>>> print(open('structure-v2.tsv').read())   # TSV, N, CA and C atoms
chain	number	residue	atom	x	y	z
S	1468	MET	N	-20.17	-4.85	27.16
S	1468	MET	CA	-19.81	-5.38	28.46
S	1468	MET	C	-20.62	-4.71	29.57
S	1469	THR	N	-20.74	-3.38	29.54
S	1469	THR	CA	-21.48	-2.71	30.60
S	1469	THR	C	-22.97	-3.02	30.52
S	1470	GLU	N	-23.47	-3.30	29.31
S	1470	GLU	CA	-24.88	-3.66	29.18
S	1470	GLU	C	-25.16	-4.99	29.86
S	1471	ASN	N	-24.24	-5.94	29.76
S	1471	ASN	CA	-24.40	-7.23	30.43
S	1471	ASN	C	-24.37	-7.08	31.93
S	1472	VAL	N	-23.47	-6.25	32.44
S	1472	VAL	CA	-23.37	-6.02	33.88
S	1472	VAL	C	-24.65	-5.35	34.39
S	1473	THR	N	-25.17	-4.40	33.64
S	1473	THR	CA	-26.40	-3.72	34.04
S	1473	THR	C	-27.57	-4.70	34.08
S	1474	ASN	N	-27.68	-5.55	33.09
S	1474	ASN	CA	-28.75	-6.55	33.07
S	1474	ASN	C	-28.63	-7.53	34.22
S	1475	ILE	N	-27.42	-7.93	34.53
S	1475	ILE	CA	-27.21	-8.85	35.66
S	1475	ILE	C	-27.63	-8.19	36.96
S	1476	ILE	N	-27.26	-6.95	37.14
S	1476	ILE	CA	-27.64	-6.22	38.36
S	1476	ILE	C	-29.16	-6.06	38.45
S	1477	LEU	N	-29.80	-5.77	37.33
S	1477	LEU	CA	-31.26	-5.65	37.33
S	1477	LEU	C	-31.93	-6.98	37.67
S	1478	TYR	N	-31.43	-8.07	37.12
S	1478	TYR	CA	-32.02	-9.38	37.43
S	1478	TYR	C	-31.81	-9.77	38.88
S	1479	ILE	N	-30.64	-9.46	39.43
S	1479	ILE	CA	-30.39	-9.73	40.85
S	1479	ILE	C	-31.32	-8.88	41.71
S	1480	SER	N	-31.53	-7.64	41.32
S	1480	SER	CA	-32.44	-6.77	42.06
S	1480	SER	C	-33.87	-7.29	42.02
S	1481	LEU	N	-34.30	-7.75	40.86
S	1481	LEU	CA	-35.64	-8.33	40.75
S	1481	LEU	C	-35.79	-9.57	41.62
S	1482	ALA	N	-34.77	-10.41	41.65
S	1482	ALA	CA	-34.81	-11.61	42.48
S	1482	ALA	C	-34.89	-11.24	43.96
S	1483	ASN	N	-34.13	-10.24	44.37
S	1483	ASN	CA	-34.19	-9.79	45.76
S	1483	ASN	C	-35.56	-9.22	46.10
S	1484	LEU	N	-36.17	-8.50	45.18
S	1484	LEU	CA	-37.51	-7.96	45.42
S	1484	LEU	C	-38.55	-9.06	45.51
S	1485	VAL	N	-38.41	-10.10	44.71
S	1485	VAL	CA	-39.34	-11.22	44.78
S	1485	VAL	C	-39.22	-11.92	46.13
S	1486	ILE	N	-38.01	-12.12	46.60
S	1486	ILE	CA	-37.80	-12.75	47.91
S	1486	ILE	C	-38.38	-11.86	49.01
S	1487	ALA	N	-38.14	-10.56	48.92
S	1487	ALA	CA	-38.67	-9.63	49.91
S	1487	ALA	C	-40.19	-9.63	49.89
S	1488	LEU	N	-40.78	-9.69	48.71
S	1488	LEU	CA	-42.24	-9.71	48.60
S	1488	LEU	C	-42.81	-10.98	49.23
S	1489	PHE	N	-42.16	-12.09	49.02
S	1489	PHE	CA	-42.60	-13.34	49.64
S	1489	PHE	C	-42.56	-13.24	51.17
S	1490	LEU	N	-41.46	-12.71	51.70
S	1490	LEU	CA	-41.33	-12.57	53.15
S	1490	LEU	C	-42.35	-11.59	53.72
S	1491	VAL	N	-42.64	-10.54	52.98
S	1491	VAL	CA	-43.64	-9.57	53.43
S	1491	VAL	C	-45.03	-10.21	53.46
S	1492	PHE	N	-45.35	-11.03	52.44
S	1492	PHE	CA	-46.65	-11.70	52.45
S	1492	PHE	C	-46.77	-12.68	53.61
S	1493	VAL	N	-45.66	-13.34	53.95
S	1493	VAL	CA	-45.67	-14.23	55.12
S	1493	VAL	C	-45.97	-13.42	56.38
S	1494	ARG	N	-45.34	-12.27	56.52
S	1494	ARG	CA	-45.58	-11.43	57.69
S	1494	ARG	C	-47.00	-10.86	57.68
S	1495	MET	N	-47.51	-10.56	56.50
S	1495	MET	CA	-48.84	-9.98	56.41
S	1495	MET	C	-49.91	-10.99	56.84
S	1496	PHE	N	-49.76	-12.25	56.45
S	1496	PHE	CA	-50.76	-13.24	56.79
S	1496	PHE	C	-50.54	-13.87	58.16
S	1497	LYS	N	-49.29	-13.90	58.62
S	1497	LYS	CA	-48.97	-14.55	59.89
S	1497	LYS	C	-48.81	-13.56	61.03
S	1498	GLY	N	-48.64	-12.29	60.71
S	1498	GLY	CA	-48.32	-11.27	61.71
S	1498	GLY	C	-49.14	-11.38	62.98
S	1499	PRO	N	-48.47	-11.38	64.11
S	1499	PRO	CA	-49.23	-11.57	65.35
S	1499	PRO	C	-50.12	-10.37	65.70
S	1500	THR	N	-49.78	-9.20	65.27
S	1500	THR	CA	-50.60	-8.03	65.59
S	1500	THR	C	-51.01	-7.31	64.32
S	1501	ILE	N	-51.99	-6.47	64.45
S	1501	ILE	CA	-52.46	-5.69	63.31
S	1501	ILE	C	-51.40	-4.67	62.88
S	1502	GLN	N	-50.60	-4.20	63.83
S	1502	GLN	CA	-49.54	-3.26	63.48
S	1502	GLN	C	-48.51	-3.90	62.56
S	1503	ASP	N	-48.20	-5.17	62.80
S	1503	ASP	CA	-47.28	-5.89	61.90
S	1503	ASP	C	-47.85	-5.98	60.50
S	1504	ARG	N	-49.14	-6.19	60.41
S	1504	ARG	CA	-49.78	-6.29	59.11
S	1504	ARG	C	-49.80	-4.96	58.37
S	1505	VAL	N	-49.98	-3.87	59.13
S	1505	VAL	CA	-49.98	-2.55	58.50
S	1505	VAL	C	-48.58	-2.22	57.97
S	1506	VAL	N	-47.57	-2.54	58.74
S	1506	VAL	CA	-46.19	-2.30	58.28
S	1506	VAL	C	-45.88	-3.16	57.06
S	1507	ALA	N	-46.35	-4.40	57.05
S	1507	ALA	CA	-46.14	-5.27	55.90
S	1507	ALA	C	-46.85	-4.73	54.66
S	1508	LEU	N	-48.03	-4.19	54.85
S	1508	LEU	CA	-48.76	-3.60	53.72
S	1508	LEU	C	-48.02	-2.39	53.17
S	1509	ASP	N	-47.48	-1.58	54.07
S	1509	ASP	CA	-46.70	-0.41	53.64
S	1509	ASP	C	-45.43	-0.86	52.90
S	1510	LEU	N	-44.80	-1.89	53.39
S	1510	LEU	CA	-43.60	-2.39	52.73
S	1510	LEU	C	-43.92	-3.01	51.37
S	1511	THR	N	-45.11	-3.57	51.22
S	1511	THR	CA	-45.54	-4.10	49.93
S	1511	THR	C	-45.60	-2.98	48.89
S	1512	ALA	N	-46.09	-1.82	49.30
S	1512	ALA	CA	-46.12	-0.68	48.39
S	1512	ALA	C	-44.71	-0.25	48.00
S	1513	SER	N	-43.79	-0.29	48.95
S	1513	SER	CA	-42.41	0.07	48.64
S	1513	SER	C	-41.77	-0.92	47.67
S	1514	ILE	N	-42.07	-2.19	47.85
S	1514	ILE	CA	-41.53	-3.20	46.94
S	1514	ILE	C	-42.13	-3.03	45.55
S	1515	ALA	N	-43.41	-2.70	45.48
S	1515	ALA	CA	-44.04	-2.45	44.18
S	1515	ALA	C	-43.37	-1.26	43.49
S	1516	MET	N	-43.01	-0.24	44.27
S	1516	MET	CA	-42.30	0.90	43.70
S	1516	MET	C	-40.96	0.45	43.13
S	1517	GLY	N	-40.29	-0.46	43.84
S	1517	GLY	CA	-39.02	-0.99	43.34
S	1517	GLY	C	-39.18	-1.72	42.03
S	1518	PHE	N	-40.23	-2.54	41.92
S	1518	PHE	CA	-40.50	-3.23	40.67
S	1518	PHE	C	-40.72	-2.25	39.53
S	1519	ILE	N	-41.51	-1.21	39.79
S	1519	ILE	CA	-41.81	-0.24	38.74
S	1519	ILE	C	-40.54	0.52	38.32
S	1520	LEU	N	-39.71	0.88	39.29
S	1520	LEU	CA	-38.47	1.58	38.96
S	1520	LEU	C	-37.53	0.70	38.14
S	1521	ILE	N	-37.42	-0.56	38.52
S	1521	ILE	CA	-36.55	-1.45	37.75
S	1521	ILE	C	-37.10	-1.64	36.33
S	1522	TYR	N	-38.42	-1.74	36.22
S	1522	TYR	CA	-39.00	-1.86	34.89
S	1522	TYR	C	-38.75	-0.58	34.07
S	1523	GLY	N	-38.82	0.58	34.73
S	1523	GLY	CA	-38.54	1.84	34.04
S	1523	GLY	C	-37.11	1.91	33.52
S	1524	VAL	N	-36.18	1.39	34.30
S	1524	VAL	CA	-34.78	1.37	33.86
S	1524	VAL	C	-34.63	0.39	32.70
S	1525	THR	N	-35.28	-0.76	32.80
S	1525	THR	CA	-35.19	-1.77	31.75
S	1525	THR	C	-35.82	-1.27	30.44
S	1526	ALA	N	-36.96	-0.62	30.55
S	1526	ALA	CA	-37.67	-0.14	29.36
S	1526	ALA	C	-37.09	1.17	28.83
S	1527	GLU	N	-36.20	1.78	29.61
S	1527	GLU	CA	-35.58	3.07	29.25
S	1527	GLU	C	-36.65	4.12	28.93
S	1528	ASN	N	-37.64	4.19	29.81
S	1528	ASN	CA	-38.73	5.14	29.65
S	1528	ASN	C	-38.90	5.89	30.97
S	1529	ALA	N	-38.74	7.20	30.93
S	1529	ALA	CA	-38.75	8.01	32.15
S	1529	ALA	C	-40.15	8.20	32.72
S	1530	ILE	N	-41.19	7.86	31.98
S	1530	ILE	CA	-42.55	8.04	32.49
S	1530	ILE	C	-42.81	7.14	33.70
S	1531	TYR	N	-42.11	6.02	33.79
S	1531	TYR	CA	-42.32	5.09	34.90
S	1531	TYR	C	-41.72	5.60	36.21
S	1532	PHE	N	-40.94	6.66	36.18
S	1532	PHE	CA	-40.34	7.18	37.40
S	1532	PHE	C	-41.29	8.08	38.17
S	1533	ASP	N	-42.39	8.50	37.58
S	1533	ASP	CA	-43.37	9.32	38.27
S	1533	ASP	C	-44.36	8.47	39.06
S	1534	ILE	N	-44.60	7.27	38.63
S	1534	ILE	CA	-45.60	6.41	39.26
S	1534	ILE	C	-45.24	6.07	40.71
S	1535	PRO	N	-43.98	5.73	41.05
S	1535	PRO	CA	-43.67	5.44	42.45
S	1535	PRO	C	-43.89	6.62	43.40
S	1536	VAL	N	-43.78	7.83	42.90
S	1536	VAL	CA	-44.04	8.99	43.75
S	1536	VAL	C	-45.52	9.00	44.16
S	1537	ILE	N	-46.38	8.72	43.23
S	1537	ILE	CA	-47.82	8.68	43.51
S	1537	ILE	C	-48.14	7.53	44.46
S	1538	ILE	N	-47.53	6.38	44.24
S	1538	ILE	CA	-47.75	5.23	45.12
S	1538	ILE	C	-47.27	5.55	46.54
S	1539	ALA	N	-46.13	6.23	46.66
S	1539	ALA	CA	-45.61	6.58	47.98
S	1539	ALA	C	-46.56	7.52	48.72
S	1540	LEU	N	-47.11	8.49	48.01
S	1540	LEU	CA	-48.05	9.42	48.66
S	1540	LEU	C	-49.31	8.70	49.12
S	1541	ILE	N	-49.87	7.86	48.27
S	1541	ILE	CA	-51.08	7.13	48.64
S	1541	ILE	C	-50.79	6.17	49.79
S	1542	SER	N	-49.66	5.51	49.74
S	1542	SER	CA	-49.29	4.58	50.80
S	1542	SER	C	-49.11	5.30	52.14
S	1543	PHE	N	-48.48	6.45	52.11
S	1543	PHE	CA	-48.28	7.21	53.34
S	1543	PHE	C	-49.61	7.65	53.93
S	1544	ILE	N	-50.49	8.17	53.09
S	1544	ILE	CA	-51.80	8.62	53.57
S	1544	ILE	C	-52.59	7.43	54.13
S	1545	GLY	N	-52.53	6.29	53.46
S	1545	GLY	CA	-53.22	5.11	53.95
S	1545	GLY	C	-52.68	4.61	55.27
S	1546	THR	N	-51.37	4.63	55.43
S	1546	THR	CA	-50.76	4.19	56.68
S	1546	THR	C	-51.14	5.12	57.83
S	1547	VAL	N	-51.13	6.41	57.58
S	1547	VAL	CA	-51.52	7.37	58.61
S	1547	VAL	C	-52.99	7.18	58.98
S	1548	ALA	N	-53.84	6.96	57.98
S	1548	ALA	CA	-55.26	6.77	58.25
S	1548	ALA	C	-55.52	5.51	59.08
S	1549	ILE	N	-54.87	4.42	58.72
S	1549	ILE	CA	-55.04	3.18	59.47
S	1549	ILE	C	-54.49	3.33	60.88
S	1550	SER	N	-53.36	3.99	61.04
S	1550	SER	CA	-52.78	4.20	62.37
S	1550	SER	C	-53.69	5.05	63.24
S	1551	THR	N	-54.28	6.07	62.65
S	1551	THR	CA	-55.20	6.92	63.41
S	1551	THR	C	-56.43	6.13	63.83
S	1552	TYR	N	-56.96	5.32	62.93
S	1552	TYR	CA	-58.12	4.49	63.25
S	1552	TYR	C	-57.79	3.52	64.38
S	1553	LEU	N	-56.64	2.86	64.30
S	1553	LEU	CA	-56.26	1.91	65.34
S	1553	LEU	C	-56.03	2.60	66.68
S	1554	LYS	N	-55.48	3.81	66.65
S	1554	LYS	CA	-55.24	4.55	67.88
S	1554	LYS	C	-56.56	4.92	68.55
S	1555	ARG	N	-57.52	5.39	67.76
S	1555	ARG	CA	-58.83	5.74	68.32
S	1555	ARG	C	-59.57	4.51	68.82
S	1556	LYS	N	-59.45	3.42	68.09
S	1556	LYS	CA	-60.08	2.17	68.51
S	1556	LYS	C	-59.51	1.68	69.82
S	1557	GLU	N	-58.18	1.85	69.98
S	1557	GLU	CA	-57.51	1.41	71.20
S	1557	GLU	C	-57.94	2.26	72.40
S	1558	LYS	N	-58.12	3.58	72.18
S	1558	LYS	CA	-58.55	4.47	73.26
S	1558	LYS	C	-59.99	4.16	73.68
S	1559	ALA	N	-60.82	3.76	72.73
S	1559	ALA	CA	-62.23	3.48	73.04
S	1559	ALA	C	-62.37	2.19	73.86
S	1560	SER	N	-61.41	1.30	73.73
S	1560	SER	CA	-61.51	0.02	74.45
S	1560	SER	C	-61.22	0.14	75.92
>>> encode(input="structure-v2.tsv", output="structure tokens")
Amino acid sequence: MTENVTNIILYISLANLVIALFLVFVRMFKGPTIQDRVVALDLTASIAMGFILIYGVTAENAIYFDIPVIIALISFIGTVAISTYLKRKEKAS
């Protein structure tokens, strides 16, 4: 019984992540400003981490829990780099 409930929760979580990913892609391509696109790109990395974590729970393999940490670090560094670039570009204008 608990295995069925766990599977149902995982499938609902995957469906929510797919919907969130679709909405993020809409914001990424339609976003009125570059800042909206940067935030959407950062959120895409977070959603990818969610997919990997759910897959790790489904596969019952703990090795998949280390990958989102690496993705989070790279995503954070990328967001800071893009923000710094945009800030300097804005000052130069």
>>> atom_distance(input="structure-v2.tsv", atom1="atom N of Ser1513 (chain S)", atom2="atom C of Val1491 (chain S)")
11.0 Å
>>> residues_around(input="structure-v2.tsv", residues="Ala1512 (chain S)", least_positions_apart="6", cutoff="7 Å", atoms="all atoms listed in the file", output="list in words")
Ile1538, Ala1539 and Ser1542 of chain S
>>> write_last_selection(input="structure-v2.tsv", atoms="N, CA and C atoms", output="short mmCIF file (atom, residue, chain, number, x, y, z; two decimals), keeping the file's coordinate frame")
data_model
loop_
_atom_site.label_atom_id
_atom_site.label_comp_id
_atom_site.auth_asym_id
_atom_site.auth_seq_id
_atom_site.Cartn_x
_atom_site.Cartn_y
_atom_site.Cartn_z
N ILE S 1538 -47.53 6.38 44.24
CA ILE S 1538 -47.75 5.23 45.12
C ILE S 1538 -47.27 5.55 46.54
N ALA S 1539 -46.13 6.23 46.66
CA ALA S 1539 -45.61 6.58 47.98
C ALA S 1539 -46.56 7.52 48.72
N SER S 1542 -49.66 5.51 49.74
CA SER S 1542 -49.29 4.58 50.80
C SER S 1542 -49.11 5.30 52.14
#
>>> closest_residue(input="structure-v2.tsv", among="S:Leu1477, S:Leu1540, S:Ile1486, S:Ala1526", to="Asp1509 (chain S)", atoms="only C-alpha atoms")
S:Leu1540
>>> atom_distance(input="structure-v2.tsv", atom1="atom C of Glu1470 (chain S)", atom2="CA of Phe1489 (chain S)")
27.7 Å
>>> atom_distance(input="structure-v2.tsv", atom1="CA of Pro1535 (chain S)", atom2="CA of Met1516 (chain S)")
4.9 Å
>>> residues_around(input="structure-v2.tsv", residues="Glu1557 (chain S)", least_positions_apart="6", cutoff="12 Å", atoms="only C-alpha atoms", output="PyMOL selection string")
chain S and resi 1501+1550-1551
>>> residues_around(input="structure-v2.tsv", residues="region 1479-1483 of chain S", least_positions_apart="5", cutoff="10 Å", atoms="only C-alpha atoms", output="list in words")
Thr1473, Asn1474, Leu1488, Phe1489, Ile1514, Gly1517, Phe1518, Ile1521 and Tyr1522 of chain S
>>> write_last_selection(input="structure-v2.tsv", atoms="N, CA and C atoms", output="mmCIF file, keeping the file's coordinate frame")
data_model
loop_
_atom_site.group_PDB
_atom_site.id
_atom_site.type_symbol
_atom_site.label_atom_id
_atom_site.label_comp_id
_atom_site.auth_asym_id
_atom_site.auth_seq_id
_atom_site.Cartn_x
_atom_site.Cartn_y
_atom_site.Cartn_z
ATOM 1 N N THR S 1473 -25.170 -4.400 33.640
ATOM 2 C CA THR S 1473 -26.400 -3.720 34.040
ATOM 3 C C THR S 1473 -27.570 -4.700 34.080
ATOM 4 N N ASN S 1474 -27.680 -5.550 33.090
ATOM 5 C CA ASN S 1474 -28.750 -6.550 33.070
ATOM 6 C C ASN S 1474 -28.630 -7.530 34.220
ATOM 7 N N LEU S 1488 -40.780 -9.690 48.710
ATOM 8 C CA LEU S 1488 -42.240 -9.710 48.600
ATOM 9 C C LEU S 1488 -42.810 -10.980 49.230
ATOM 10 N N PHE S 1489 -42.160 -12.090 49.020
ATOM 11 C CA PHE S 1489 -42.600 -13.340 49.640
ATOM 12 C C PHE S 1489 -42.560 -13.240 51.170
ATOM 13 N N ILE S 1514 -42.070 -2.190 47.850
ATOM 14 C CA ILE S 1514 -41.530 -3.200 46.940
ATOM 15 C C ILE S 1514 -42.130 -3.030 45.550
ATOM 16 N N GLY S 1517 -40.290 -0.460 43.840
ATOM 17 C CA GLY S 1517 -39.020 -0.990 43.340
ATOM 18 C C GLY S 1517 -39.180 -1.720 42.030
ATOM 19 N N PHE S 1518 -40.230 -2.540 41.920
ATOM 20 C CA PHE S 1518 -40.500 -3.230 40.670
ATOM 21 C C PHE S 1518 -40.720 -2.250 39.530
ATOM 22 N N ILE S 1521 -37.420 -0.560 38.520
ATOM 23 C CA ILE S 1521 -36.550 -1.450 37.750
ATOM 24 C C ILE S 1521 -37.100 -1.640 36.330
ATOM 25 N N TYR S 1522 -38.420 -1.740 36.220
ATOM 26 C CA TYR S 1522 -39.000 -1.860 34.890
ATOM 27 C C TYR S 1522 -38.750 -0.580 34.070
#
>>> closest_residue(input="structure-v2.tsv", among="S:Ala1529, S:Thr1469, S:Thr1511, S:Val1505", to="Ile1549 (chain S)", atoms="all atoms listed in the file")
S:Val1505
>>> closest_residue(input="structure-v2.tsv", among="S:Val1485, S:Val1472, S:Ala1507, S:Ile1534", to="Thr1546 (chain S)", atoms="only C-alpha atoms")
S:Ala1507
